[in-house]
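Everything below belongs to entry.tsv, which stores TSV, C-alpha atoms.
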```
chain	number	residue	atom	x	y	z
A	1	MET	CA	-34.70	-22.60	-15.92
A	2	LYS	CA	-31.49	-21.39	-14.34
A	3	PRO	CA	-31.31	-21.71	-10.54
A	4	GLU	CA	-31.76	-18.55	-8.55
A	5	LEU	CA	-28.66	-17.27	-6.84
A	6	THR	CA	-29.65	-16.01	-3.42
A	7	ILE	CA	-27.85	-14.45	-0.47
A	8	GLN	CA	-29.48	-14.14	2.95
A	9	LEU	CA	-29.02	-10.81	4.72
A	10	MET	CA	-29.83	-9.09	7.98
A	11	ASP	CA	-29.41	-5.33	7.55
A	12	THR	CA	-28.48	-3.45	10.71
A	13	HIS	CA	-27.17	-0.05	11.69
A	14	ALA	CA	-25.18	1.45	14.55
A	15	GLY	CA	-25.05	5.21	14.80
A	16	GLY	CA	-26.50	5.40	11.28
A	17	ASP	CA	-23.84	3.25	9.59
A	18	VAL	CA	-25.60	0.38	7.81
A	19	SER	CA	-23.95	-3.04	8.07
A	20	ARG	CA	-25.32	-5.82	5.89
A	21	ILE	CA	-24.78	-9.08	7.77
A	22	VAL	CA	-24.53	-12.02	5.33
A	23	THR	CA	-26.09	-14.95	7.16
A	24	GLY	CA	-26.41	-17.50	4.32
A	25	GLY	CA	-25.91	-18.35	0.67
A	26	ILE	CA	-22.10	-18.30	0.65
A	27	ASP	CA	-19.94	-21.43	0.56
A	28	ALA	CA	-17.34	-22.19	3.20
A	29	LEU	CA	-14.17	-20.30	2.33
A	30	PRO	CA	-10.65	-21.75	2.35
A	31	GLY	CA	-8.48	-20.75	5.28
A	32	ASP	CA	-7.65	-22.00	8.78
A	33	THR	CA	-8.42	-18.64	10.41
A	34	VAL	CA	-10.87	-15.82	9.87
A	35	ARG	CA	-7.91	-13.70	8.74
A	36	ALA	CA	-7.00	-16.32	6.12
A	37	GLN	CA	-10.63	-16.53	4.96
A	38	MET	CA	-10.67	-12.74	4.63
A	39	GLU	CA	-7.52	-12.86	2.51
A	40	TYR	CA	-9.09	-15.46	0.23
A	41	LEU	CA	-12.21	-13.33	-0.16
A	42	ARG	CA	-10.10	-10.25	-0.87
A	43	ASP	CA	-7.81	-11.92	-3.39
A	44	ASP	CA	-10.10	-14.46	-5.09
A	45	ALA	CA	-13.75	-13.51	-4.49
A	46	ASP	CA	-13.99	-9.73	-4.22
A	47	GLY	CA	-17.19	-9.93	-6.26
A	48	LEU	CA	-19.26	-10.33	-3.09
A	49	ARG	CA	-18.08	-6.98	-1.67
A	50	LYS	CA	-18.66	-5.23	-4.97
A	51	LEU	CA	-22.09	-6.81	-5.43
A	52	LEU	CA	-23.45	-5.70	-2.07
A	53	LEU	CA	-21.88	-2.22	-2.01
A	54	GLU	CA	-22.68	-1.14	-5.57
A	55	GLU	CA	-25.86	-0.57	-7.59
A	56	PRO	CA	-28.40	-2.03	-7.85
A	57	TYR	CA	-28.07	-3.81	-4.48
A	58	GLY	CA	-26.28	-1.27	-2.31
A	59	ILE	CA	-24.35	1.96	-2.00
A	60	PRO	CA	-20.70	2.61	-1.02
A	61	GLU	CA	-21.73	4.14	2.32
A	62	MET	CA	-22.79	0.69	3.56
A	63	SER	CA	-20.57	-2.03	5.01
A	64	VAL	CA	-20.87	-5.80	4.65
A	65	ASN	CA	-20.07	-8.43	7.30
A	66	LEU	CA	-19.91	-12.07	6.21
A	67	LEU	CA	-20.48	-14.57	9.02
A	68	VAL	CA	-17.99	-17.45	8.81
A	69	PRO	CA	-16.99	-20.37	11.05
A	70	PRO	CA	-14.50	-19.30	13.74
A	71	SER	CA	-11.11	-20.95	14.02
A	72	ASP	CA	-10.89	-20.45	17.78
A	73	PRO	CA	-13.27	-22.61	19.87
A	74	GLU	CA	-13.78	-19.71	22.27
A	75	ALA	CA	-15.62	-17.72	19.56
A	76	VAL	CA	-19.26	-18.32	18.65
A	77	VAL	CA	-18.83	-17.08	15.07
A	78	GLY	CA	-16.35	-15.27	12.85
A	79	TYR	CA	-16.99	-12.24	10.67
A	80	ILE	CA	-15.24	-10.63	7.70
A	81	ILE	CA	-15.67	-6.86	7.25
A	82	MET	CA	-16.01	-5.35	3.77
A	83	GLU	CA	-16.13	-1.62	2.99
A	84	VAL	CA	-15.67	0.68	0.02
A	85	MET	CA	-11.95	0.89	0.86
A	86	GLY	CA	-11.55	-2.89	1.00
A	87	TYR	CA	-11.18	-5.28	3.94
A	88	PRO	CA	-10.40	-3.60	7.28
A	89	ILE	CA	-9.29	-6.12	9.89
A	90	TYR	CA	-11.47	-4.44	12.51
A	91	SER	CA	-14.33	-1.95	12.88
A	92	GLY	CA	-16.21	-0.91	15.99
A	93	SER	CA	-19.53	-0.08	14.32
A	94	ASN	CA	-19.42	-3.31	12.28
A	95	THR	CA	-18.64	-5.30	15.42
A	96	ILE	CA	-21.57	-3.70	17.27
A	97	CYS	CA	-23.85	-4.55	14.32
A	98	THR	CA	-22.53	-8.10	13.99
A	99	ALA	CA	-22.93	-8.76	17.72
A	100	THR	CA	-26.49	-7.44	17.55
A	101	ALA	CA	-27.27	-9.69	14.57
A	102	VAL	CA	-25.76	-12.71	16.34
A	103	LEU	CA	-28.19	-12.14	19.21
A	104	GLU	CA	-31.22	-11.24	17.08
A	105	SER	CA	-30.73	-14.26	14.78
A	106	GLY	CA	-30.45	-16.67	17.70
A	107	ILE	CA	-26.85	-17.72	17.08
A	108	VAL	CA	-26.41	-16.64	20.70
A	109	ALA	CA	-29.58	-16.85	22.80
A	110	LYS	CA	-30.57	-13.53	24.35
A	111	LYS	CA	-30.63	-13.42	28.14
A	112	GLU	CA	-32.00	-10.62	30.28
A	113	GLY	CA	-29.37	-8.37	31.77
A	114	ARG	CA	-25.69	-8.45	30.91
A	115	GLN	CA	-24.24	-11.34	28.92
A	116	SER	CA	-20.86	-11.95	27.33
A	117	PHE	CA	-19.59	-13.89	24.33
A	118	VAL	CA	-16.66	-13.85	21.92
A	119	LEU	CA	-16.50	-13.16	18.17
A	120	GLU	CA	-13.53	-13.75	15.89
A	121	SER	CA	-12.59	-10.89	13.57
A	122	PRO	CA	-9.71	-10.86	11.09
A	123	ALA	CA	-7.80	-8.99	13.82
A	124	GLY	CA	-8.41	-11.79	16.34
A	125	LEU	CA	-10.81	-12.53	19.18
A	126	VAL	CA	-13.21	-9.78	20.28
A	127	HIS	CA	-14.94	-9.95	23.67
A	128	ILE	CA	-18.53	-8.68	23.63
A	129	ASP	CA	-20.66	-7.50	26.52
A	130	ALA	CA	-24.35	-7.10	25.65
A	131	MET	CA	-27.07	-5.48	27.72
A	132	VAL	CA	-30.55	-6.89	27.09
A	133	GLU	CA	-33.62	-5.25	28.62
A	134	ASN	CA	-37.14	-6.63	28.02
A	135	GLY	CA	-35.80	-8.72	25.17
A	136	VAL	CA	-34.19	-5.74	23.41
A	137	VAL	CA	-30.45	-5.43	22.83
A	138	GLU	CA	-29.94	-1.98	24.36
A	139	ALA	CA	-26.14	-1.76	24.21
A	140	ILE	CA	-23.09	-3.57	22.91
A	141	THR	CA	-19.64	-3.00	24.35
A	142	CYS	CA	-16.74	-4.35	22.32
A	143	GLU	CA	-13.00	-4.13	22.56
A	144	GLY	CA	-11.37	-1.47	20.45
A	145	LEU	CA	-8.05	-2.47	18.93
A	146	PRO	CA	-4.94	-1.32	20.80
A	147	SER	CA	-4.34	2.20	19.49
A	148	TYR	CA	-1.33	4.47	19.34
A	149	ILE	CA	-0.03	7.70	17.84
A	150	ASP	CA	2.32	7.16	14.91
A	151	THR	CA	2.81	10.83	13.97
A	152	TYR	CA	2.06	13.96	15.98
A	153	HIS	CA	1.36	17.39	14.50
A	154	THR	CA	3.01	17.33	11.10
A	155	THR	CA	1.96	19.44	8.11
A	156	ILE	CA	1.26	18.95	4.43
A	157	ASP	CA	0.32	21.22	1.53
A	158	VAL	CA	-2.99	20.10	0.04
A	159	PRO	CA	-4.18	21.40	-3.36
A	160	ALA	CA	-7.31	23.58	-3.07
A	161	VAL	CA	-7.20	23.27	0.74
A	162	GLY	CA	-3.89	24.79	1.83
A	163	ARG	CA	-1.45	23.82	4.54
A	164	VAL	CA	-2.98	21.23	6.86
A	165	THR	CA	-1.75	20.12	10.28
A	166	TYR	CA	-2.51	16.49	11.09
A	167	SER	CA	-1.59	13.63	13.40
A	168	VAL	CA	-1.74	9.92	12.54
A	169	ALA	CA	-3.13	7.22	14.83
A	170	TYR	CA	-3.46	3.48	14.35
A	171	SER	CA	-6.68	2.00	15.75
A	172	GLY	CA	-7.46	-0.84	13.34
A	173	GLY	CA	-6.33	1.22	10.36
A	174	PHE	CA	-4.24	4.34	10.03
A	175	TYR	CA	-6.19	7.56	10.65
A	176	ALA	CA	-5.26	11.12	9.81
A	177	LEU	CA	-6.62	13.27	12.67
A	178	VAL	CA	-7.40	16.91	11.83
A	179	ASP	CA	-8.91	19.81	13.77
A	180	ALA	CA	-12.29	20.61	12.20
A	181	ALA	CA	-12.34	24.26	13.27
A	182	GLU	CA	-8.89	24.90	11.74
A	183	LEU	CA	-10.37	23.81	8.41
A	184	GLY	CA	-13.50	25.96	8.87
A	185	PHE	CA	-15.96	23.24	9.89
A	186	ASP	CA	-18.55	23.14	12.70
A	187	LEU	CA	-19.33	19.45	11.97
A	188	THR	CA	-22.99	19.91	11.07
A	189	LEU	CA	-24.96	17.83	8.57
A	190	ASP	CA	-25.09	20.55	5.90
A	191	GLU	CA	-21.27	20.34	5.66
A	192	GLU	CA	-21.22	16.64	4.74
A	193	ARG	CA	-20.37	17.02	1.04
A	194	LYS	CA	-17.66	19.60	1.68
A	195	LEU	CA	-16.20	17.46	4.47
A	196	ALA	CA	-15.94	14.53	2.03
A	197	ASP	CA	-14.28	16.67	-0.65
A	198	THR	CA	-11.81	18.18	1.83
A	199	ALA	CA	-10.95	14.80	3.35
A	200	HIS	CA	-10.50	13.27	-0.11
A	201	ALA	CA	-7.94	15.94	-1.01
A	202	ILE	CA	-6.04	15.55	2.28
A	203	VAL	CA	-5.91	11.74	2.12
A	204	GLU	CA	-4.79	11.83	-1.53
A	205	ALA	CA	-1.97	14.22	-0.58
A	206	ILE	CA	-0.86	12.09	2.38
A	207	GLN	CA	-0.95	8.88	0.34
A	208	ALA	CA	1.17	10.51	-2.36
A	209	GLU	CA	3.75	11.73	0.16
A	210	ARG	CA	4.23	8.82	2.57
A	211	GLY	CA	3.20	5.40	3.82
A	212	PHE	CA	2.80	3.94	7.30
A	213	SER	CA	3.92	0.72	8.94
A	214	HIS	CA	2.41	-0.98	12.00
A	215	TYR	CA	4.85	-2.20	14.65
A	216	THR	CA	3.79	-5.84	14.24
A	217	LEU	CA	1.65	-5.95	11.07
A	218	GLY	CA	4.11	-4.04	8.91
A	219	ASP	CA	2.79	-2.38	5.75
A	220	VAL	CA	-1.03	-2.41	5.86
A	221	GLY	CA	-1.52	-0.38	2.69
A	222	PRO	CA	-2.18	3.32	2.02
A	223	LEU	CA	-3.78	5.43	4.76
A	224	PRO	CA	-7.55	4.94	4.28
A	225	PHE	CA	-9.20	7.06	7.02
A	226	LEU	CA	-9.46	10.64	8.19
A	227	HIS	CA	-11.19	11.87	11.35
A	228	PHE	CA	-12.41	15.45	11.81
A	229	MET	CA	-12.19	16.45	15.49
A	230	GLY	CA	-14.47	19.01	17.08
A	231	PRO	CA	-13.74	20.81	20.37
A	232	VAL	CA	-13.62	18.56	23.45
A	233	GLU	CA	-16.16	19.41	26.17
A	234	HIS	CA	-15.50	18.25	29.74
A	235	VAL	CA	-18.99	17.09	30.73
A	236	ALA	CA	-18.25	15.63	34.17
A	237	GLY	CA	-15.44	13.99	36.10
A	238	GLY	CA	-13.68	11.66	33.65
A	239	TYR	CA	-16.35	12.12	30.95
A	240	TYR	CA	-15.76	14.10	27.76
A	241	ARG	CA	-17.77	14.82	24.61
A	242	SER	CA	-16.73	15.92	21.11
A	243	ARG	CA	-18.40	16.31	17.74
A	244	SER	CA	-16.64	14.15	15.17
A	245	ALA	CA	-16.82	12.89	11.60
A	246	THR	CA	-14.98	9.96	10.02
A	247	TYR	CA	-14.09	9.75	6.33
A	248	VAL	CA	-13.36	6.50	4.45
A	249	HIS	CA	-11.40	6.80	1.20
A	250	PRO	CA	-12.61	7.23	-1.44
A	251	GLY	CA	-15.50	9.62	-0.92
A	252	VAL	CA	-17.50	8.38	2.08
A	253	ILE	CA	-18.38	10.28	5.26
A	254	CYS	CA	-19.58	7.70	7.77
A	255	ARG	CA	-23.02	8.16	9.32
A	256	SER	CA	-21.59	7.30	12.75
A	257	THR	CA	-18.44	8.57	14.41
A	258	THR	CA	-17.07	5.00	14.07
A	259	GLY	CA	-15.52	2.84	16.75
A	260	THR	CA	-12.01	2.98	15.28
A	261	GLY	CA	-12.29	6.75	14.94
A	262	THR	CA	-13.27	7.00	18.60
A	263	SER	CA	-10.34	4.73	19.57
A	264	ALA	CA	-7.99	6.97	17.56
A	265	ARG	CA	-9.27	10.01	19.49
A	266	LEU	CA	-8.60	8.27	22.81
A	267	ALA	CA	-5.02	7.54	21.72
A	268	LEU	CA	-4.49	11.20	20.81
A	269	MET	CA	-6.04	12.52	24.02
A	270	TYR	CA	-3.80	10.23	26.08
A	271	TYR	CA	-0.74	11.26	24.03
A	272	GLU	CA	-1.55	14.89	24.84
A	273	GLY	CA	-1.98	14.12	28.54
A	274	ARG	CA	-5.70	14.95	28.57
A	275	ILE	CA	-7.16	11.65	29.85
A	276	LYS	CA	-6.27	8.81	32.22
A	277	PRO	CA	-7.40	5.17	32.47
A	278	GLY	CA	-11.09	4.99	33.33
A	279	ASP	CA	-11.96	8.20	31.44
A	280	ARG	CA	-14.56	8.13	28.66
A	281	LEU	CA	-15.11	10.09	25.47
A	282	GLU	CA	-18.49	10.36	23.75
A	283	THR	CA	-18.13	11.15	20.05
A	284	VAL	CA	-21.17	12.78	18.40
A	285	SER	CA	-21.83	12.47	14.66
A	286	LEU	CA	-23.28	14.83	12.06
A	287	ARG	CA	-26.60	13.02	12.66
A	288	GLU	CA	-26.42	13.45	16.46
A	289	THR	CA	-25.71	9.75	17.07
A	290	GLY	CA	-22.86	8.71	19.31
A	291	PHE	CA	-20.46	6.07	20.55
A	292	ILE	CA	-18.73	6.05	23.92
A	293	GLY	CA	-15.07	5.11	24.08
A	294	GLU	CA	-13.48	4.14	27.40
A	295	PHE	CA	-9.73	4.34	27.96
A	296	THR	CA	-9.03	1.20	30.01
A	297	ALA	CA	-5.23	0.86	30.18
A	298	VAL	CA	-1.92	1.74	28.56
A	299	ARG	CA	1.14	-0.39	27.85
A	300	GLN	CA	4.49	0.10	26.21
A	301	GLN	CA	4.93	-1.72	22.90
A	302	GLY	CA	8.33	-1.02	21.42
A	303	ASP	CA	8.51	2.72	20.83
A	304	HIS	CA	4.77	3.22	21.26
A	305	GLN	CA	2.47	3.88	24.20
A	306	VAL	CA	-0.50	1.70	23.25
A	307	VAL	CA	-3.98	2.59	24.51
A	308	GLU	CA	-6.37	-0.23	25.41
A	309	ASN	CA	-10.01	0.76	25.03
A	310	ASN	CA	-13.65	-0.31	24.77
A	311	ILE	CA	-16.39	1.06	22.53
A	312	THR	CA	-20.10	1.10	23.45
A	313	GLY	CA	-23.02	1.69	21.09
A	314	LYS	CA	-26.39	0.34	20.06
A	315	GLY	CA	-27.27	-1.65	16.96
A	316	TYR	CA	-30.68	-1.84	15.29
A	317	VAL	CA	-32.08	-4.47	12.91
A	318	ILE	CA	-33.68	-2.72	9.92
A	319	ALA	CA	-34.35	-5.57	7.46
A	320	ARG	CA	-34.19	-9.30	6.86
A	321	SER	CA	-34.08	-10.26	3.20
A	322	ASP	CA	-32.94	-12.58	0.42
A	323	ILE	CA	-30.91	-10.88	-2.31
A	324	VAL	CA	-31.70	-12.51	-5.67
A	325	VAL	CA	-28.64	-12.33	-7.93
A	326	ASN	CA	-29.44	-12.32	-11.65
A	327	CYS	CA	-26.18	-12.50	-13.57
A	328	GLU	CA	-28.00	-11.72	-16.84
A	329	ASP	CA	-28.91	-8.28	-15.47
A	330	PRO	CA	-26.57	-5.78	-17.19
A	331	MET	CA	-26.35	-3.88	-13.87
A	332	VAL	CA	-24.95	-6.93	-12.10
A	333	GLU	CA	-21.33	-8.08	-12.25
A	334	CYS	CA	-20.96	-11.74	-11.29
A	335	ASP	CA	-17.24	-12.16	-11.97
A	336	GLY	CA	-15.46	-13.16	-8.79
A	337	LEU	CA	-18.70	-14.39	-7.26
A	338	HIS	CA	-20.06	-17.60	-8.87
A	339	HIS	CA	-17.60	-19.93	-7.17
A	340	ILE	CA	-18.61	-18.92	-3.62
A	341	LEU	CA	-22.40	-18.85	-4.06
A	342	THR	CA	-24.01	-21.95	-2.57
A	343	SER	CA	-26.77	-21.90	-5.20
A	344	GLY	CA	-24.46	-20.96	-8.03
A	345	HIS	CA	-22.87	-24.32	-8.77
A	346	PRO	CA	-24.03	-26.50	-11.64
A	347	SER	CA	-26.02	-29.56	-10.59
```
Starting from the file, lay out its structure as structure tokens.
Amino acid sequence: MKPELTIQLMDTHAGGDVSRIVTGGIDALPGDTVRAQMEYLRDDADGLRKLLLEEPYGIPEMSVNLLVPPSDPEAVVGYIIMEVMGYPIYSGSNTICTATAVLESGIVAKKEGRQSFVLESPAGLVHIDAMVENGVVEAITCEGLPSYIDTYHTTIDVPAVGRVTYSVAYSGGFYALVDAAELGFDLTLDEERKLADTAHAIVEAIQAERGFSHYTLGDVGPLPFLHFMGPVEHVAGGYYRSRSATYVHPGVICRSTTGTGTSARLALMYYEGRIKPGDRLETVSLRETGFIGEFTAVRQQGDHQVVENNITGKGYVIARSDIVVNCEDPMVECDGLHHILTSGHPS
């Protein structure tokens, strides 16, 4: 009898975005840093991402986070983020989910009240503040990546959509930022399919016309994200709220507003002179879930005014399971996977 190939998972969600946390069943990956381990996974073992985000095990709207040993002794664990678009170096919703799983699995013991610890993402160290009440993880606050505006109010002709005005922010990936009302959207759940189709057309047009380069990372690939912005409501002193929807290319409207999308909005609002350090923005999704972004500081980095920020949200555990991988199943593709499965090596 052939050995079973199994992968241990903890499924979580934050704001509706499901993150599958891989807690076991995968061999140690080559690489001295989490970033290097991510690059190995991307280049030599992409089968894991495909397996868990495609039928019969998953759907493209999910994300996957593989727990790995950290390279920095300050971090309790590392994590590699996998999405339909590939391997983003950072994600707010995935970080919230991973931090929740780290607490719920006992990797970090839960303590009542506020506690802090550090994770290592492919983008580097991430400081986490968790609020635990009656044994429940009620909130996770994580650092958003330093964010800035690359392009402000440019236009492009998009087939079947028309002329579109957009800005571009970097917040862990490059985001096209568009005004939802200008495109005829109220950002309600019934618009989800049309939002995805419209975003797909805009991103395809932008990718065909131009690329983007980060001031230290250089070329990070084609623009993968688009964020629909609703009107901004001034709720109270220093507190704002806006309906929002984030698109991931190709074809996915996120269930949450996303942490990186919220960071991109903060960068734009600062660029336009609408917020100051200490101000907060609550982004509200098509499903009425939300994240809160706080603008904490600004610094000059070359030609860019870079916005430092934090993202707060809540993660929920929705399942603990073993995935049984049967490579004889015609629905299952095991190429790019055997060599990293702990149970997949010949005895």
* Give me the residues within 9 Å of stretch 209-217 of chain A as a list in words, counting all atoms listed in the file and dropping any in the same chain fewer than 6 places off. =>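 Contacts, in chain order: Asp150, Ile156, Tyr170, Phe174, Leu223, Gln301, Gly302, Asp303 and His304 of chain A.
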* What gap, in Å, lies between atom CA of A:Lys276 and atom CA of A:Phe295? -> 7.1 Å
* Looking at A:Gly230, A:Gly237, A:Pro224, A:Pro122, which one is nearest to A:Val84, with distances taken over all atoms listed in the file? ->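 Nearest candidate to A:Val84 out of A:Gly230, A:Gly237, A:Pro224, A:Pro122: A:Pro224.
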* Asked: Hey, which of A:Val18, A:Ala28, A:Val34, A:Met85 ends up closest to A:Cys97? Count all atoms listed in the file.
  ->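 For A:Cys97, the nearest of the candidates is A:Val18.
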* To do: Record the distance separating atom CA of A:Glu74 and atom CA of A:Leu119, expressed in Å with one decimal.
  =>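 Here the two named atoms are 8.2 Å from each other.
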Please tabulate, as a tab-separated table, the residues of stretch 228-326 of chain A that come within 12 Å of stretch 50-59 of chain A, each with its closest pair of atoms and the distance in Å to one decimal, counting all atoms listed in the file and ordering rows by chain, then residue number upward.
```
residue	atom	partner	partner_atom	distance
A:Gly251	CA	A:Ile59	CA	11.8
A:Val252	CA	A:Ile59	CA	10.2
A:Ser321	CA	A:Tyr57	CA	11.7
A:Asp322	CA	A:Tyr57	CA	11.2
A:Ile323	CA	A:Tyr57	CA	7.9
A:Val324	CA	A:Tyr57	CA	9.5
A:Val325	CA	A:Leu51	CA	8.9
A:Asn326	CA	A:Pro56	CA	11.0
```
* Among listed residues A:Ser91, A:Thr6, A:Ser263, A:Thr155, nearest A:Ala205 (using only C-alpha atoms) -> A:Thr155
* **Selected residue, from A:Val248, A:Leu189, A:Met38, A:Ala160, that lies nearest to A:Ser121 when counting only C-alpha atoms** => A:Met38
* Asked: Which is closest to A:Leu5 among A:Leu66, A:Gly25, A:Ser285, A:Arg20, if we use only C-alpha atoms?
  ->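 Among the listed residues, A:Gly25 lies closest to A:Leu5.
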* To do: Between atom CA of A:Tyr270 and atom CA of A:His249, measure the distance and give it in Å to one decimal.
  =>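 Here the two named atoms are 26.2 Å from each other.
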Export stretch 49-69 of chain A, N, CA, C and O atoms, as a JSON list (two decimals), in the first residue's frame; it's the structure right above.
```json
[["chain", "number", "residue", "atom", "x", "y", "z"],
["A", 49, "ARG", "N", 1.02, 25.51, -3.68],
["A", 49, "ARG", "CA", 0.06, 26.61, -3.89],
["A", 49, "ARG", "C", -1.09, 26.15, -4.79],
["A", 49, "ARG", "O", -2.27, 26.36, -4.47],
["A", 50, "LYS", "N", -0.74, 25.51, -5.89],
["A", 50, "LYS", "CA", -1.77, 25.08, -6.83],
["A", 50, "LYS", "C", -2.69, 24.04, -6.20],
["A", 50, "LYS", "O", -3.90, 24.06, -6.39],
["A", 51, "LEU", "N", -2.10, 23.11, -5.44],
["A", 51, "LEU", "CA", -2.90, 22.06, -4.81],
["A", 51, "LEU", "C", -3.97, 22.63, -3.90],
["A", 51, "LEU", "O", -5.13, 22.22, -3.95],
["A", 52, "LEU", "N", -3.59, 23.58, -3.06],
["A", 52, "LEU", "CA", -4.49, 24.07, -2.02],
["A", 52, "LEU", "C", -5.42, 25.19, -2.48],
["A", 52, "LEU", "O", -6.34, 25.57, -1.75],
["A", 53, "LEU", "N", -5.17, 25.75, -3.69],
["A", 53, "LEU", "CA", -6.03, 26.82, -4.20],
["A", 53, "LEU", "C", -6.86, 26.39, -5.40],
["A", 53, "LEU", "O", -7.59, 27.20, -5.96],
["A", 54, "GLU", "N", -6.76, 25.13, -5.79],
["A", 54, "GLU", "CA", -7.51, 24.64, -6.94],
["A", 54, "GLU", "C", -8.35, 23.43, -6.53],
["A", 54, "GLU", "O", -8.13, 22.82, -5.49],
["A", 55, "GLU", "N", -9.33, 23.09, -7.37],
["A", 55, "GLU", "CA", -10.14, 21.90, -7.12],
["A", 55, "GLU", "C", -9.25, 20.67, -7.10],
["A", 55, "GLU", "O", -8.25, 20.62, -7.82],
["A", 56, "PRO", "N", -9.56, 19.65, -6.29],
["A", 56, "PRO", "CA", -10.77, 19.55, -5.45],
["A", 56, "PRO", "C", -10.56, 20.07, -4.01],
["A", 56, "PRO", "O", -11.46, 20.00, -3.21],
["A", 57, "TYR", "N", -9.38, 20.63, -3.70],
["A", 57, "TYR", "CA", -9.08, 20.98, -2.31],
["A", 57, "TYR", "C", -9.44, 22.42, -1.96],
["A", 57, "TYR", "O", -9.66, 22.74, -0.79],
["A", 58, "GLY", "N", -9.46, 23.30, -2.92],
["A", 58, "GLY", "CA", -9.69, 24.70, -2.60],
["A", 58, "GLY", "C", -10.27, 25.46, -3.76],
["A", 58, "GLY", "O", -10.67, 24.88, -4.78],
["A", 59, "ILE", "N", -10.31, 26.78, -3.62],
["A", 59, "ILE", "CA", -10.79, 27.68, -4.66],
["A", 59, "ILE", "C", -9.84, 28.87, -4.72],
["A", 59, "ILE", "O", -9.17, 29.19, -3.73],
["A", 60, "PRO", "N", -9.77, 29.56, -5.86],
["A", 60, "PRO", "CA", -8.80, 30.65, -6.01],
["A", 60, "PRO", "C", -9.01, 31.80, -5.04],
["A", 60, "PRO", "O", -8.07, 32.57, -4.79],
["A", 61, "GLU", "N", -10.22, 31.96, -4.49],
["A", 61, "GLU", "CA", -10.49, 33.06, -3.58],
["A", 61, "GLU", "C", -9.80, 32.90, -2.23],
["A", 61, "GLU", "O", -9.72, 33.83, -1.43],
["A", 62, "MET", "N", -9.30, 31.69, -1.93],
["A", 62, "MET", "CA", -8.58, 31.46, -0.69],
["A", 62, "MET", "C", -7.13, 31.94, -0.79],
["A", 62, "MET", "O", -6.63, 32.25, -1.88],
["A", 63, "SER", "N", -6.46, 31.99, 0.35],
["A", 63, "SER", "CA", -5.02, 32.18, 0.41],
["A", 63, "SER", "C", -4.43, 31.02, 1.22],
["A", 63, "SER", "O", -5.15, 30.33, 1.96],
["A", 64, "VAL", "N", -3.13, 30.82, 1.09],
["A", 64, "VAL", "CA", -2.43, 29.79, 1.84],
["A", 64, "VAL", "C", -1.24, 30.44, 2.53],
["A", 64, "VAL", "O", -0.56, 31.29, 1.95],
["A", 65, "ASN", "N", -1.00, 30.06, 3.79],
["A", 65, "ASN", "CA", 0.17, 30.54, 4.53],
["A", 65, "ASN", "C", 0.90, 29.34, 5.10],
["A", 65, "ASN", "O", 0.36, 28.60, 5.93],
["A", 66, "LEU", "N", 2.11, 29.12, 4.63],
["A", 66, "LEU", "CA", 2.94, 28.01, 5.11],
["A", 66, "LEU", "C", 3.81, 28.50, 6.26],
["A", 66, "LEU", "O", 4.61, 29.42, 6.09],
["A", 67, "LEU", "N", 3.66, 27.86, 7.44],
["A", 67, "LEU", "CA", 4.53, 28.19, 8.57],
["A", 67, "LEU", "C", 5.90, 27.56, 8.35],
["A", 67, "LEU", "O", 6.01, 26.37, 8.02],
["A", 68, "VAL", "N", 6.95, 28.36, 8.54],
["A", 68, "VAL", "CA", 8.32, 27.90, 8.34],
["A", 68, "VAL", "C", 9.18, 28.43, 9.48],
["A", 68, "VAL", "O", 8.80, 29.38, 10.17],
["A", 69, "PRO", "N", 10.36, 27.83, 9.70],
["A", 69, "PRO", "CA", 11.25, 28.35, 10.74],
["A", 69, "PRO", "C", 11.70, 29.77, 10.38],
["A", 69, "PRO", "O", 12.02, 30.06, 9.22]]
```
